[in-house]
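*Asks:* coords-v4.cif is reproduced below (mmCIF, C-alpha atoms).
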data_work
loop_
_atom_site.label_atom_id
_atom_site.label_comp_id
_atom_site.auth_asym_id
_atom_site.auth_seq_id
_atom_site.Cartn_x
_atom_site.Cartn_y
_atom_site.Cartn_z
CA MET A 1 40.41 10.41 21.44
CA GLU A 2 40.50 13.24 18.92
CA ILE A 3 37.60 15.56 19.71
CA ALA A 4 37.25 17.18 16.28
CA THR A 5 36.92 13.81 14.55
CA ARG A 6 34.32 12.68 17.06
CA VAL A 7 32.32 15.87 16.50
CA TRP A 8 32.47 15.43 12.73
CA ASN A 9 31.77 11.72 12.54
CA HIS A 10 28.86 11.58 14.95
CA LYS A 11 27.50 15.10 15.15
CA TRP A 12 27.50 14.44 18.91
CA LYS A 13 24.66 11.90 18.73
CA ILE A 14 26.59 9.30 20.69
CA ASP A 15 27.36 11.79 23.43
CA PRO A 16 24.63 12.79 25.87
CA ILE A 17 25.69 16.11 27.33
CA VAL A 18 25.30 14.98 30.94
CA ARG A 19 26.48 11.41 31.42
CA SER A 20 25.93 10.94 35.14
CA LEU A 21 24.34 12.44 38.24
CA ILE A 22 27.88 13.06 39.47
CA ASP A 23 28.74 15.05 36.34
CA THR A 24 28.34 18.02 38.65
CA ASP A 25 30.38 20.20 40.98
CA PHE A 26 31.56 18.66 44.24
CA TYR A 27 30.26 21.58 46.29
CA LYS A 28 26.70 20.78 45.14
CA LEU A 29 26.92 17.36 46.77
CA LEU A 30 28.43 18.77 49.97
CA MET A 31 25.71 21.43 50.15
CA CYS A 32 23.02 18.90 49.24
CA GLN A 33 23.99 16.73 52.20
CA SER A 34 23.90 19.77 54.50
CA VAL A 35 20.45 20.76 53.20
CA PHE A 36 19.27 17.14 53.44
CA HIS A 37 20.12 17.13 57.14
CA ASN A 38 19.19 20.71 58.09
CA ARG A 39 16.43 22.04 55.78
CA PRO A 40 14.99 19.05 53.86
CA GLY A 41 11.41 20.31 53.76
CA THR A 42 12.16 23.69 52.19
CA GLN A 43 10.41 24.20 48.86
CA VAL A 44 12.49 26.12 46.33
CA THR A 45 12.30 27.34 42.75
CA PHE A 46 15.39 27.54 40.57
CA SER A 47 15.35 29.53 37.35
CA LEU A 48 17.64 29.97 34.36
CA ILE A 49 18.94 33.53 33.94
CA ASN A 50 20.77 34.55 30.77
CA ARG A 51 22.73 37.69 31.65
CA SER A 52 24.03 37.87 28.06
CA LYS A 53 20.85 38.91 26.27
CA HIS A 54 22.71 39.23 22.98
CA VAL A 55 22.91 35.42 22.85
CA PRO A 56 19.43 34.32 21.58
CA LEU A 57 19.33 30.83 23.06
CA ALA A 58 15.87 30.00 21.73
CA LYS A 59 16.92 30.86 18.16
CA LEU A 60 20.12 28.82 18.41
CA ILE A 61 18.84 25.75 20.28
CA ASP A 62 16.00 23.52 19.09
CA GLU A 63 13.41 23.09 21.83
CA GLY A 64 12.95 19.40 21.05
CA GLU A 65 16.67 18.75 21.37
CA LEU A 66 16.79 20.67 24.64
CA ARG A 67 13.91 18.62 26.03
CA GLU A 68 15.61 15.41 24.89
CA GLN A 69 18.74 16.28 26.86
CA LEU A 70 16.78 17.34 29.96
CA ASP A 71 14.67 14.17 29.81
CA HIS A 72 17.85 12.12 29.59
CA ILE A 73 19.12 13.73 32.80
CA ARG A 74 15.89 12.74 34.54
CA SER A 75 16.50 9.13 33.50
CA LEU A 76 19.88 9.01 35.26
CA SER A 77 20.51 7.36 38.60
CA LEU A 78 23.65 6.72 40.58
CA THR A 79 25.61 3.69 39.33
CA ARG A 80 27.12 1.14 41.68
CA GLY A 81 30.64 2.36 40.89
CA GLU A 82 29.68 5.98 41.55
CA SER A 83 28.03 5.04 44.83
CA THR A 84 31.09 3.06 45.90
CA TRP A 85 33.35 6.03 45.07
CA LEU A 86 31.24 8.47 47.09
CA ARG A 87 30.84 6.11 50.02
CA GLY A 88 34.41 4.85 50.20
CA ASN A 89 36.71 7.53 48.84
CA THR A 90 38.65 10.00 50.98
CA PHE A 91 37.71 13.64 50.37
CA TYR A 92 39.68 16.44 52.03
CA GLY A 93 41.37 13.82 54.19
CA LYS A 94 38.08 12.46 55.52
CA ARG A 95 36.60 9.03 54.85
CA GLN A 96 32.82 8.61 54.60
CA MET A 97 32.32 12.30 53.91
CA PHE A 98 28.85 11.35 52.70
CA ARG A 99 26.79 9.72 55.42
CA PRO A 100 24.83 6.48 54.89
CA ASP A 101 21.40 8.13 55.18
CA PHE A 102 22.27 10.73 52.55
CA MET A 103 23.79 8.11 50.25
CA GLU A 104 20.70 5.91 50.51
CA TRP A 105 18.56 8.89 49.52
CA PHE A 106 20.91 9.86 46.67
CA GLU A 107 21.03 6.30 45.32
CA ASN A 108 17.24 6.36 44.91
CA LEU A 109 17.01 9.90 43.52
CA GLN A 110 15.39 10.86 40.24
CA LEU A 111 15.57 14.57 39.50
CA PRO A 112 12.14 16.27 39.63
CA PRO A 113 10.31 17.59 36.54
CA TYR A 114 11.32 20.77 34.75
CA PHE A 115 9.23 23.54 33.21
CA LEU A 116 10.35 24.89 29.85
CA GLU A 117 8.82 27.68 27.76
CA ARG A 118 10.11 29.78 24.89
CA VAL A 119 9.68 33.51 25.46
CA GLY A 120 10.88 35.53 22.49
CA ASP A 121 14.48 34.61 21.72
CA GLN A 122 15.12 33.11 25.18
CA TYR A 123 14.01 30.09 27.16
CA GLU A 124 12.38 30.18 30.56
CA LEU A 125 13.53 27.07 32.37
CA THR A 126 12.48 26.48 35.98
CA PHE A 127 12.62 23.68 38.53
CA GLU A 128 10.37 23.44 41.59
CA GLY A 129 10.26 21.10 44.56
CA SER A 130 12.12 20.11 47.70
CA TRP A 131 15.45 21.86 48.08
CA PRO A 132 17.74 18.79 48.17
CA GLU A 133 16.26 17.50 44.91
CA VAL A 134 15.87 20.71 42.95
CA MET A 135 19.34 22.08 43.76
CA LEU A 136 20.93 19.20 41.83
CA TRP A 137 19.43 20.52 38.58
CA GLU A 138 21.59 23.66 38.55
CA ILE A 139 24.88 22.37 37.12
CA PRO A 140 23.50 19.89 34.55
CA ALA A 141 20.99 22.47 33.30
CA LEU A 142 23.76 25.00 32.70
CA ALA A 143 25.99 22.39 31.06
CA VAL A 144 23.19 21.42 28.66
CA LEU A 145 22.44 24.98 27.56
CA MET A 146 26.11 25.87 27.14
CA GLU A 147 26.93 22.78 25.11
CA LEU A 148 23.81 22.93 22.92
CA ARG A 149 24.69 26.50 22.03
CA GLY A 150 28.18 25.28 21.09
CA ARG A 151 26.81 22.41 19.03
CA ALA A 152 24.61 24.82 17.07
CA VAL A 153 27.78 26.57 15.89
CA LEU A 154 29.86 23.42 15.41
CA ASN A 155 27.19 21.73 13.29
CA GLU A 156 27.76 24.37 10.61
CA MET A 157 31.48 23.63 10.42
CA LYS A 158 33.22 21.12 8.16
CA LYS A 159 35.79 18.47 9.00
CA PHE A 160 38.98 20.48 8.61
CA GLU A 161 37.45 23.60 10.13
CA LEU A 162 36.74 21.58 13.26
CA GLN A 163 40.25 20.15 13.36
CA VAL A 164 41.77 23.63 13.08
CA LEU A 165 39.34 25.03 15.66
CA TYR A 166 40.28 22.47 18.30
CA ALA A 167 43.97 22.69 17.45
CA ARG A 168 43.83 26.45 18.01
CA ALA A 169 41.86 26.09 21.25
CA ALA A 170 44.31 23.46 22.51
CA THR A 171 47.27 25.67 21.64
CA LYS A 172 45.63 28.61 23.37
CA LEU A 173 45.21 26.64 26.60
CA TRP A 174 48.69 25.13 26.46
CA GLU A 175 50.25 28.59 26.09
CA LYS A 176 48.41 29.63 29.27
CA ILE A 177 49.73 26.54 31.06
CA GLU A 178 53.27 27.33 29.94
CA ARG A 179 52.96 30.83 31.40
CA LEU A 180 51.55 29.51 34.65
CA ARG A 181 54.29 26.96 35.21
CA GLU A 182 56.92 29.68 35.00
CA GLN A 183 55.71 30.69 38.46
CA PRO A 184 56.46 27.86 40.93
CA GLY A 185 53.94 27.50 43.70
CA VAL A 186 50.78 28.59 41.88
CA LYS A 187 48.01 26.22 43.03
CA ILE A 188 45.05 25.91 40.67
CA ALA A 189 41.88 23.79 40.57
CA ASP A 190 39.38 23.39 37.73
CA PHE A 191 36.09 25.16 38.53
CA GLY A 192 34.83 25.10 34.94
CA THR A 193 31.93 22.63 34.84
CA ARG A 194 28.99 25.04 34.77
CA ARG A 195 30.06 27.00 31.67
CA ARG A 196 32.24 24.48 29.87
CA HIS A 197 32.38 24.16 26.10
CA SER A 198 31.53 20.46 26.44
CA PHE A 199 32.16 17.51 28.72
CA LEU A 200 34.79 16.10 26.36
CA TRP A 201 36.59 19.44 26.24
CA GLN A 202 36.54 19.89 30.02
CA ASP A 203 38.01 16.41 30.40
CA TRP A 204 40.74 17.30 27.86
CA CYS A 205 41.51 20.56 29.68
CA VAL A 206 41.84 18.75 33.00
CA GLN A 207 44.24 16.22 31.48
CA ALA A 208 46.28 19.06 30.01
CA MET A 209 46.46 20.75 33.42
CA VAL A 210 47.60 17.50 35.05
CA GLU A 211 50.39 17.07 32.51
CA GLY A 212 51.38 20.73 32.36
CA LEU A 213 51.22 21.72 36.03
CA GLY A 214 51.77 18.45 37.88
CA SER A 215 51.19 18.80 41.62
CA ASN A 216 50.37 22.50 41.22
CA PHE A 217 47.07 21.36 39.69
CA THR A 218 45.14 20.51 42.84
CA GLY A 219 42.05 18.85 41.34
CA THR A 220 38.70 19.42 39.67
CA SER A 221 35.27 20.45 40.88
CA ASN A 222 33.73 17.90 38.49
CA CYS A 223 32.99 14.72 40.43
CA LEU A 224 32.77 12.43 37.39
CA ILE A 225 36.10 13.60 36.00
CA ALA A 226 37.69 13.40 39.45
CA LYS A 227 36.48 9.79 39.75
CA ASN A 228 37.52 8.77 36.23
CA ARG A 229 40.95 10.47 36.37
CA ASP A 230 41.72 9.63 40.03
CA LEU A 231 41.95 13.31 41.00
CA GLU A 232 40.94 15.29 44.05
CA ALA A 233 37.33 16.51 44.00
CA ILE A 234 37.43 20.20 44.94
CA GLY A 235 34.68 22.42 46.37
CA THR A 236 33.12 23.82 49.52
CA ASN A 237 29.91 25.92 49.52
CA ALA A 238 28.21 28.59 47.41
CA HIS A 239 25.87 31.61 47.60
CA GLU A 240 22.83 29.36 47.36
CA LEU A 241 22.93 28.48 51.07
CA PRO A 242 22.80 32.01 52.53
CA MET A 243 20.35 33.12 49.83
CA VAL A 244 17.81 30.47 50.82
CA TYR A 245 18.40 30.76 54.58
CA ALA A 246 17.92 34.53 54.27
CA ALA A 247 14.71 34.13 52.28
CA LEU A 248 13.32 31.98 55.10
CA ALA A 249 14.06 34.62 57.77
CA GLU A 250 10.90 35.87 59.46
CA ASP A 251 12.11 39.40 60.29
CA ASP A 252 15.07 41.73 59.85
CA GLU A 253 16.82 40.39 62.95
CA ALA A 254 16.63 36.82 61.64
CA LEU A 255 17.71 38.06 58.22
CA ALA A 256 20.87 39.65 59.64
CA ARG A 257 21.65 36.39 61.42
CA ALA A 258 20.96 34.06 58.47
CA PRO A 259 24.41 34.07 56.78
CA TYR A 260 26.00 33.03 60.08
CA ASP A 261 23.34 30.37 60.74
CA VAL A 262 24.40 28.77 57.45
CA LEU A 263 28.02 28.58 58.52
CA ALA A 264 27.12 27.36 62.01
CA ASP A 265 25.39 24.38 60.38
CA TRP A 266 28.42 23.90 58.10
CA HIS A 267 30.78 24.11 61.09
CA LYS A 268 29.04 21.11 62.70
CA GLU A 269 29.71 18.91 59.66
CA HIS A 270 33.08 19.97 58.29
CA GLU A 271 36.59 20.89 59.33
CA GLY A 272 39.95 21.78 57.78
CA ASN A 273 39.97 22.99 54.17
CA LEU A 274 36.19 22.67 53.94
CA ARG A 275 35.85 25.55 56.39
CA ILE A 276 36.10 28.25 53.74
CA ILE A 277 34.04 31.44 54.14
CA LEU A 278 32.23 32.86 51.10
CA PRO A 279 31.51 36.34 52.47
CA ASP A 280 30.24 38.36 49.51
CA THR A 281 26.59 37.28 49.24
CA TYR A 282 25.51 40.38 51.18
CA GLY A 283 28.74 42.39 51.09
CA THR A 284 32.14 41.17 52.27
CA GLU A 285 33.09 44.12 54.44
CA GLY A 286 29.92 44.13 56.51
CA PHE A 287 29.82 40.36 56.75
CA LEU A 288 33.30 40.18 58.26
CA LYS A 289 32.74 43.16 60.55
CA ARG A 290 29.71 41.48 62.16
CA ALA A 291 31.09 37.91 62.03
CA PRO A 292 31.37 35.92 65.27
CA ASP A 293 34.91 35.26 66.49
CA TRP A 294 34.73 31.53 65.81
CA LEU A 295 34.60 32.26 62.04
CA ALA A 296 38.03 33.90 62.20
CA GLY A 297 39.41 30.50 63.14
CA TRP A 298 38.22 28.96 59.86
CA THR A 299 40.81 27.93 57.28
CA GLY A 300 40.23 30.67 54.73
CA ILE A 301 38.06 32.76 52.42
CA ARG A 302 36.91 32.51 48.79
CA ILE A 303 36.76 35.78 46.85
CA ASP A 304 34.14 35.59 44.11
CA SER A 305 33.12 39.14 43.21
CA GLY A 306 34.22 42.75 43.35
CA ASP A 307 37.85 43.88 43.25
CA PRO A 308 39.82 40.74 44.20
CA GLU A 309 42.78 42.70 45.56
CA ARG A 310 40.55 44.78 47.80
CA GLY A 311 38.72 41.65 48.94
CA ALA A 312 41.98 39.98 49.92
CA GLU A 313 43.19 43.09 51.76
CA ILE A 314 39.91 43.28 53.71
CA ALA A 315 40.32 39.63 54.70
CA ILE A 316 43.94 40.13 55.79
CA ASP A 317 43.03 43.15 57.92
CA TRP A 318 40.11 41.23 59.46
CA TRP A 319 42.28 38.27 60.44
CA LYS A 320 44.81 40.60 62.04
CA GLU A 321 42.06 42.38 63.99
CA ARG A 322 40.77 39.02 65.25
CA GLY A 323 44.23 37.90 66.39
CA GLU A 324 44.81 35.44 63.54
CA ASP A 325 47.99 35.05 61.46
CA PRO A 326 47.08 35.78 57.80
CA THR A 327 50.12 33.86 56.52
CA ARG A 328 48.45 30.68 57.79
CA LYS A 329 45.14 31.47 56.10
CA LEU A 330 43.97 30.39 52.64
CA VAL A 331 42.60 32.87 50.09
CA ILE A 332 40.89 31.27 47.09
CA PHE A 333 40.31 33.57 44.12
CA SER A 334 37.54 32.35 41.80
CA ASP A 335 36.01 35.27 39.88
CA GLY A 336 36.70 35.89 36.17
CA LEU A 337 40.16 34.37 36.20
CA ASP A 338 42.58 33.89 33.33
CA ALA A 339 46.31 33.14 33.31
CA ASP A 340 47.54 36.74 33.53
CA LYS A 341 45.16 37.62 36.36
CA ILE A 342 46.14 34.46 38.25
CA LEU A 343 49.82 35.33 37.98
CA ASP A 344 49.26 38.94 39.02
CA LEU A 345 47.24 38.00 42.11
CA TYR A 346 49.72 35.28 43.07
CA ARG A 347 52.67 37.68 42.94
CA LYS A 348 50.82 40.28 45.01
CA PHE A 349 49.64 37.98 47.79
CA SER A 350 52.04 35.03 47.90
CA GLY A 351 53.80 35.08 51.26
CA ARG A 352 51.11 37.27 52.83
CA VAL A 353 48.52 34.49 52.72
CA ARG A 354 48.28 31.00 51.28
CA VAL A 355 47.00 31.58 47.75
CA SER A 356 44.91 29.27 45.58
CA PHE A 357 42.75 29.66 42.49
CA GLY A 358 39.51 28.16 41.21
CA TRP A 359 39.80 28.62 37.44
CA GLY A 360 36.46 28.42 35.64
CA THR A 361 35.12 29.46 32.28
CA LEU A 362 38.34 30.68 30.68
CA LEU A 363 39.93 27.32 31.43
CA THR A 364 37.18 25.09 30.01
CA ASN A 365 35.56 27.38 27.43
CA ASP A 366 38.01 29.87 25.97
CA PHE A 367 37.11 29.81 22.28
CA ARG A 368 37.22 33.60 22.07
CA GLY A 369 38.40 34.86 18.69
CA LEU A 370 38.41 31.42 17.10
CA THR A 371 35.22 31.62 15.01
CA THR A 372 33.52 34.09 12.70
CA ASP A 373 31.64 36.75 14.71
CA ASP A 374 33.02 35.11 17.87
CA ARG A 375 30.02 32.79 17.98
CA LEU A 376 31.72 30.38 20.40
CA ALA A 377 32.78 33.01 22.92
CA PRO A 378 31.58 32.11 26.43
CA PHE A 379 28.65 34.02 27.86
CA SER A 380 27.12 34.61 31.29
CA LEU A 381 24.42 32.07 32.07
CA VAL A 382 23.33 31.19 35.61
CA CYS A 383 20.69 29.00 37.25
CA LYS A 384 19.79 30.34 40.68
CA ALA A 385 17.36 29.72 43.51
CA VAL A 386 14.81 32.51 43.03
CA SER A 387 12.39 31.65 45.83
CA ALA A 388 12.17 29.57 49.00
CA ASN A 389 8.84 28.64 50.61
CA GLY A 390 7.28 31.33 48.43
CA HIS A 391 9.66 34.11 49.50
CA PRO A 392 12.01 35.70 46.94
CA THR A 393 15.74 35.21 47.29
CA VAL A 394 18.25 38.06 47.08
CA LYS A 395 21.92 38.27 46.25
CA LEU A 396 23.77 41.57 46.63
CA SER A 397 27.36 40.50 45.84
CA ASP A 398 30.36 42.85 45.95
CA ASN A 399 29.54 43.70 42.35
CA PRO A 400 26.04 45.16 41.85
CA ASN A 401 26.05 43.83 38.29
CA LYS A 402 25.72 40.37 39.86
CA ALA A 403 22.85 41.35 42.18
CA MET A 404 19.52 39.56 41.83
CA GLY A 405 16.08 39.71 43.40
CA PRO A 406 13.13 42.15 43.48
CA GLN A 407 14.26 45.76 43.79
CA THR A 408 12.26 46.32 46.99
CA GLU A 409 13.92 43.33 48.61
CA ILE A 410 17.36 44.38 47.37
CA ALA A 411 16.81 47.75 49.06
CA ARG A 412 15.75 46.02 52.29
CA TYR A 413 18.76 43.71 52.27
CA LYS A 414 21.10 46.65 51.67
CA ARG A 415 19.59 48.37 54.69
CA VAL A 416 19.78 45.29 56.95
CA PHE A 417 23.33 44.44 55.92
CA GLY A 418 24.57 48.03 55.79
CA VAL A 419 25.64 47.92 52.14
CA GLY A 420 26.30 51.37 50.70
CA GLU A 421 27.56 52.42 47.29
CA GLN A 422 29.31 49.68 45.37
CA GLU A 423 31.64 49.75 42.37
CA ARG A 424 30.13 48.22 39.25
CA ARG A 425 32.51 45.86 37.49
CA GLU A 426 32.13 44.04 34.20
CA VAL A 427 30.95 40.48 34.77
CA VAL A 428 33.67 38.28 33.31
CA VAL A 429 32.20 34.83 32.71
#
Please render this file's structure as structure tokens.
*Replies:*
Amino acid sequence: MEIATRVWNHKWKIDPIVRSLIDTDFYKLLMCQSVFHNRPGTQVTFSLINRSKHVPLAKLIDEGELREQLDHIRSLSLTRGESTWLRGNTFYGKRQMFRPDFMEWFENLQLPPYFLERVGDQYELTFEGSWPEVMLWEIPALAVLMELRGRAVLNEMKKFELQVLYARAATKLWEKIERLREQPGVKIADFGTRRRHSFLWQDWCVQAMVEGLGSNFTGTSNCLIAKNRDLEAIGTNAHELPMVYAALAEDDEALARAPYDVLADWHKEHEGNLRIILPDTYGTEGFLKRAPDWLAGWTGIRIDSGDPERGAEIAIDWWKERGEDPTRKLVIFSDGLDADKILDLYRKFSGRVRVSFGWGTLLTNDFRGLTTDDRLAPFSLVCKAVSANGHPTVKLSDNPNKAMGPQTEIARYKRVFGVGEQERREVVV
């Protein structure tokens, strides 16, 4: 399939942006099962947050078209083949990762309603309801907004412009792959679903990684692509879990305990490479300092904000202090990666720890510099849980530019978790 020709001939009409309920990240399904078993009655609100205010989504994207795509997602249900794959496939070396009760619920799921309003040049898009249902809106909602913005630009381009655009984007990615394969041992997974250029382009990028990197490409976070291409589905857990658990805490003592309660629940369900700590929700250094000893025995850590080198050094020192051998531990870098940064981090930490990378936006959406006024450059769009049972959620991060929540609550969380001054770093999508 030649993507440019398909864009030109059909103006995308034959391609719904989200094709399946499993056109989502694997970690969402893992977390959804955990929430389904541990906190099913929690009522949450998710909200779209455009950090890149210079991108006027409501001016670029027609509201009717946006509603059409969101309504299509609500019409989706799990197919028999998708259900068979989830029930019978081996994930992370484990069969029947998804339990029968969860699968029965998922097979009968229809995503809950959405609430959409135009406010100035932006859209307010929110989802409310039970946590297991509402959380599954996050990835498809982001994919729809990202791709509709791209279509708005592509619809103004002619046939040969599109062919040249995709040829340049393909060349750009292949040059990155060529640089990466000069360094044997670099292990990379695709984490690019949420801010991809399009589904077709993400699928193309994954195929290019398979051909270019071979076994050094460890899989994709996208469940549908993993199923269709017979690849490993990759993912563990995300900030959403501690954010909601923390919001439900009744006092400061329960708040301080909440991030560890999350991982205690996770520990009961998963083992091996699924036991990956994401420590930065309320500050990595403090989280590790107060962590119970059993967490030091987990497989590894994912570093998703702040200075990645400093984060890795903090983790290495922590493992040593807890009597663990860092060379046996896995460090997954996943924040703002591109080929040069991947290579630099690999050279600095290979041999000291087991190193892996979750490559996101700049794998599946690097059209920077390829259009007039850079109108296809990726931008920072998130869809986050903003409240749980009526209480606001908070994220501090190791980068205050990624923090979210009411200022009074942010101040309280900083006090409870002992977070002092932090270095502000540019948010690389």
*Asks:* Between A:Thr371, A:Thr281, A:Ser380, A:Asn273, which residue has the minimum interatomic distance to A:Pro242, considering all atoms listed in the file?
*Replies:* A:Thr281
*Asks:* Give me the residues near A:Ile276 as a PDB file with C-alpha atoms, keeping the file's coordinate frame, where near means some atom within 7 Å (using all atoms listed in the file) and where sequence neighbours in that chain fewer than 4 positions away do not count.
*Replies:*
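And here is the file that came out, result-v2.pdb:
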ATOM      1  CA  THR A 236      33.120  23.820  49.520  1.00  0.00           C
ATOM      2  CA  TRP A 298      38.220  28.960  59.860  1.00  0.00           C
ATOM      3  CA  THR A 299      40.810  27.930  57.280  1.00  0.00           C
ATOM      4  CA  GLY A 300      40.230  30.670  54.730  1.00  0.00           C
ATOM      5  CA  ILE A 301      38.060  32.760  52.420  1.00  0.00           C
ATOM      6  CA  ARG A 302      36.910  32.510  48.790  1.00  0.00           C
TER       7      ARG A 302
END
*Asks:* So that I can see what lies close to stretch 308-313 of chain A, please list as a ChimeraX atom specification the residues with an atom at most 12 Å from it, counting all atoms listed in the file and leaving out residues fewer than 4 positions away in the same chain.
*Replies:* /A:278-280,283-288,300-304,317-320,326,329-337,341-342,344-350,352-357,397-399,423,425
*Asks:* Taking a cut-off of 9 Å and counting only C-alpha atoms, can you build a table that, for each residue of stretch 268-320 of chain A near stretch 400-413 of chain A, reports the nearest atom pair and how far apart they are in Å (one decimal), sorted by chain then residue number, as CSV?
*Replies:*
residue,atom,partner,partner_atom,distance
A:Thr281,CA,A:Ala403,CA,9.0
A:Tyr282,CA,A:Tyr413,CA,7.6
A:Ser305,CA,A:Lys402,CA,8.2
A:Gly306,CA,A:Pro400,CA,8.7
*Asks:* Given the point (34.4, 7.0, 48.0) in the coordinates of this file, which residues lie within 12 Å, counting all atoms listed in the file, and how would they look as a PyMOL selection string?
*Replies:* chain A and resi 80-100+103+223+226-227+230+232-233
*Asks:* Okay, now the selection with C-alpha atoms, as an mmCIF file, in the coordinates of the input?
*Replies:*
data_model
loop_
_atom_site.group_PDB
_atom_site.id
_atom_site.type_symbol
_atom_site.label_atom_id
_atom_site.label_comp_id
_atom_site.auth_asym_id
_atom_site.auth_seq_id
_atom_site.Cartn_x
_atom_site.Cartn_y
_atom_site.Cartn_z
ATOM 1 C CA ARG A 80 27.120 1.140 41.680
ATOM 2 C CA GLY A 81 30.640 2.360 40.890
ATOM 3 C CA GLU A 82 29.680 5.980 41.550
ATOM 4 C CA SER A 83 28.030 5.040 44.830
ATOM 5 C CA THR A 84 31.090 3.060 45.900
ATOM 6 C CA TRP A 85 33.350 6.030 45.070
ATOM 7 C CA LEU A 86 31.240 8.470 47.090
ATOM 8 C CA ARG A 87 30.840 6.110 50.020
ATOM 9 C CA GLY A 88 34.410 4.850 50.200
ATOM 10 C CA ASN A 89 36.710 7.530 48.840
ATOM 11 C CA THR A 90 38.650 10.000 50.980
ATOM 12 C CA PHE A 91 37.710 13.640 50.370
ATOM 13 C CA TYR A 92 39.680 16.440 52.030
ATOM 14 C CA GLY A 93 41.370 13.820 54.190
ATOM 15 C CA LYS A 94 38.080 12.460 55.520
ATOM 16 C CA ARG A 95 36.600 9.030 54.850
ATOM 17 C CA GLN A 96 32.820 8.610 54.600
ATOM 18 C CA MET A 97 32.320 12.300 53.910
ATOM 19 C CA PHE A 98 28.850 11.350 52.700
ATOM 20 C CA ARG A 99 26.790 9.720 55.420
ATOM 21 C CA PRO A 100 24.830 6.480 54.890
ATOM 22 C CA MET A 103 23.790 8.110 50.250
ATOM 23 C CA CYS A 223 32.990 14.720 40.430
ATOM 24 C CA ALA A 226 37.690 13.400 39.450
ATOM 25 C CA LYS A 227 36.480 9.790 39.750
ATOM 26 C CA ASP A 230 41.720 9.630 40.030
ATOM 27 C CA GLU A 232 40.940 15.290 44.050
ATOM 28 C CA ALA A 233 37.330 16.510 44.000
#
*Asks:* From the options A:Leu145, A:Met243, A:Val210, A:Leu363, which residue's atoms come nearest to A:Val262, counting only C-alpha atoms?
*Replies:*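 Looking at the shortest contact to A:Val262, the residue is A:Met243.
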*Asks:* So what do you get for atom CA of A:Tyr260 versus atom CA of A:Asp101, distance-wise?
*Replies:*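 Between these atoms lies a distance of 25.8 Å.
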*Asks:* What separation in Å, quoted to one decimal, exists between atom CA of A:Asp338 and atom CA of A:Val382?
*Replies:*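 A separation of 19.6 Å between them.
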*Asks:* Just checking: using all atoms listed in the file, which residue out of A:Trp201, A:Asp251, A:Asp340, A:Lys395 ends up closest to A:Glu2?
*Replies:*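 Closest candidate: A:Trp201.
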*Asks:* Using Å and a single decimal, report how far atom CA of A:Gln163 sits from atom CA of A:Ala377.
*Replies:* 17.7 Å
*Asks:* Written as a list in words, which residues does the PyMOL selection byres ((chain A and resi 131-137) around 8) give for the file shown?
*Replies:* Lys28, Leu29, Cys32, Gln33, Val35, Phe36, Arg39, Pro40, Gly41, Thr42, Gln43, Val44, Thr45, Phe46, Leu109, Leu111, Pro112, Phe127, Glu128, Gly129, Ser130, Glu138, Ile139, Pro140, Ala141 and Ala385 of chain A
*Asks:* Here is a test: counting all atoms listed in the file, which residue of A:Asp23, A:Glu321, A:Asp71, A:Glu161 is nearest to A:Arg194?
*Replies:*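 Going through A:Asp23, A:Glu321, A:Asp71, A:Glu161 one by one, the smallest distance to A:Arg194 is for A:Asp23.
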*Asks:* For A:Leu381, which of A:Cys205, A:Pro16, A:Arg196, A:Asn108 is the closest residue, counting only C-alpha atoms?
*Replies:*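 So, comparing all the options, the nearest one is A:Arg196.
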*Asks:* So which one's closest to A:Val244, A:Gly64, A:Gly390, A:Gly150, A:Pro184? Using only C-alpha atoms, please.
*Replies:*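 Closest to A:Val244, using only C-alpha atoms: A:Gly390.
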*Asks:* Give as a PyMOL selection string each residue that has an atom at most 8 Å from (14.3, 33.0, 25.3) in the file, counting all atoms listed in the file.
*Replies:* chain A and resi 56-59+118-124
*Asks:* Hey, can I get the axis-aligned box for stretch 36-55 of chain A? All listed atoms, 6 Å padding on each side, centre and edge lengths in Å to one decimal, as lines of an AutoDock Vina configuration file.
*Replies:*
center_x = 17.2
center_y = 28.2
center_z = 40.5
size_x = 25.6
size_y = 34.1
size_z = 47.2
*Asks:* Given the file shown, determine the residues that the PyMOL selection byres ((chain A and resi 193) around 12) selects; report them as a count of residues only.
*Replies:* 51
*Asks:* Need to verify the contact set: A:Leu248, 9 Å, all atoms listed in the file, exclusion of same-chain residues closer than 6 positions in sequence. Can you return it as a list in words?
*Replies:*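 Listing them by chain and then by number gives Thr42, Ala254, Leu255, Ala258, Ala388, Asn389, His391 and Thr393 of chain A.
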*Asks:* Can I get the selection written as an mmCIF file, in the coordinates of the input, with C-alpha atoms?
*Replies:*
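Writing the result to again-v8.cif gives the following:
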data_model
loop_
_atom_site.group_PDB
_atom_site.id
_atom_site.type_symbol
_atom_site.label_atom_id
_atom_site.label_comp_id
_atom_site.auth_asym_id
_atom_site.auth_seq_id
_atom_site.Cartn_x
_atom_site.Cartn_y
_atom_site.Cartn_z
ATOM 1 C CA THR A 42 12.160 23.690 52.190
ATOM 2 C CA ALA A 254 16.630 36.820 61.640
ATOM 3 C CA LEU A 255 17.710 38.060 58.220
ATOM 4 C CA ALA A 258 20.960 34.060 58.470
ATOM 5 C CA ALA A 388 12.170 29.570 49.000
ATOM 6 C CA ASN A 389 8.840 28.640 50.610
ATOM 7 C CA HIS A 391 9.660 34.110 49.500
ATOM 8 C CA THR A 393 15.740 35.210 47.290
#
*Asks:* Quick one: residues within 8 Å of stretch 166-168 of chain A, only C-alpha atoms, excluding same-chain residues fewer than 4 positions away - as a ChimeraX atom specification?
*Replies:* /A:3-4,162,172,370
*Asks:* I need the residues from that last selection saved to file as a short mmCIF file (atom, residue, chain, number, x, y, z; two decimals), in the frame of the given file (with C-alpha atoms), if you can.
*Replies:*
data_model
loop_
_atom_site.label_atom_id
_atom_site.label_comp_id
_atom_site.auth_asym_id
_atom_site.auth_seq_id
_atom_site.Cartn_x
_atom_site.Cartn_y
_atom_site.Cartn_z
CA ILE A 3 37.60 15.56 19.71
CA ALA A 4 37.25 17.18 16.28
CA LEU A 162 36.74 21.58 13.26
CA LYS A 172 45.63 28.61 23.37
CA LEU A 370 38.41 31.42 17.10
#
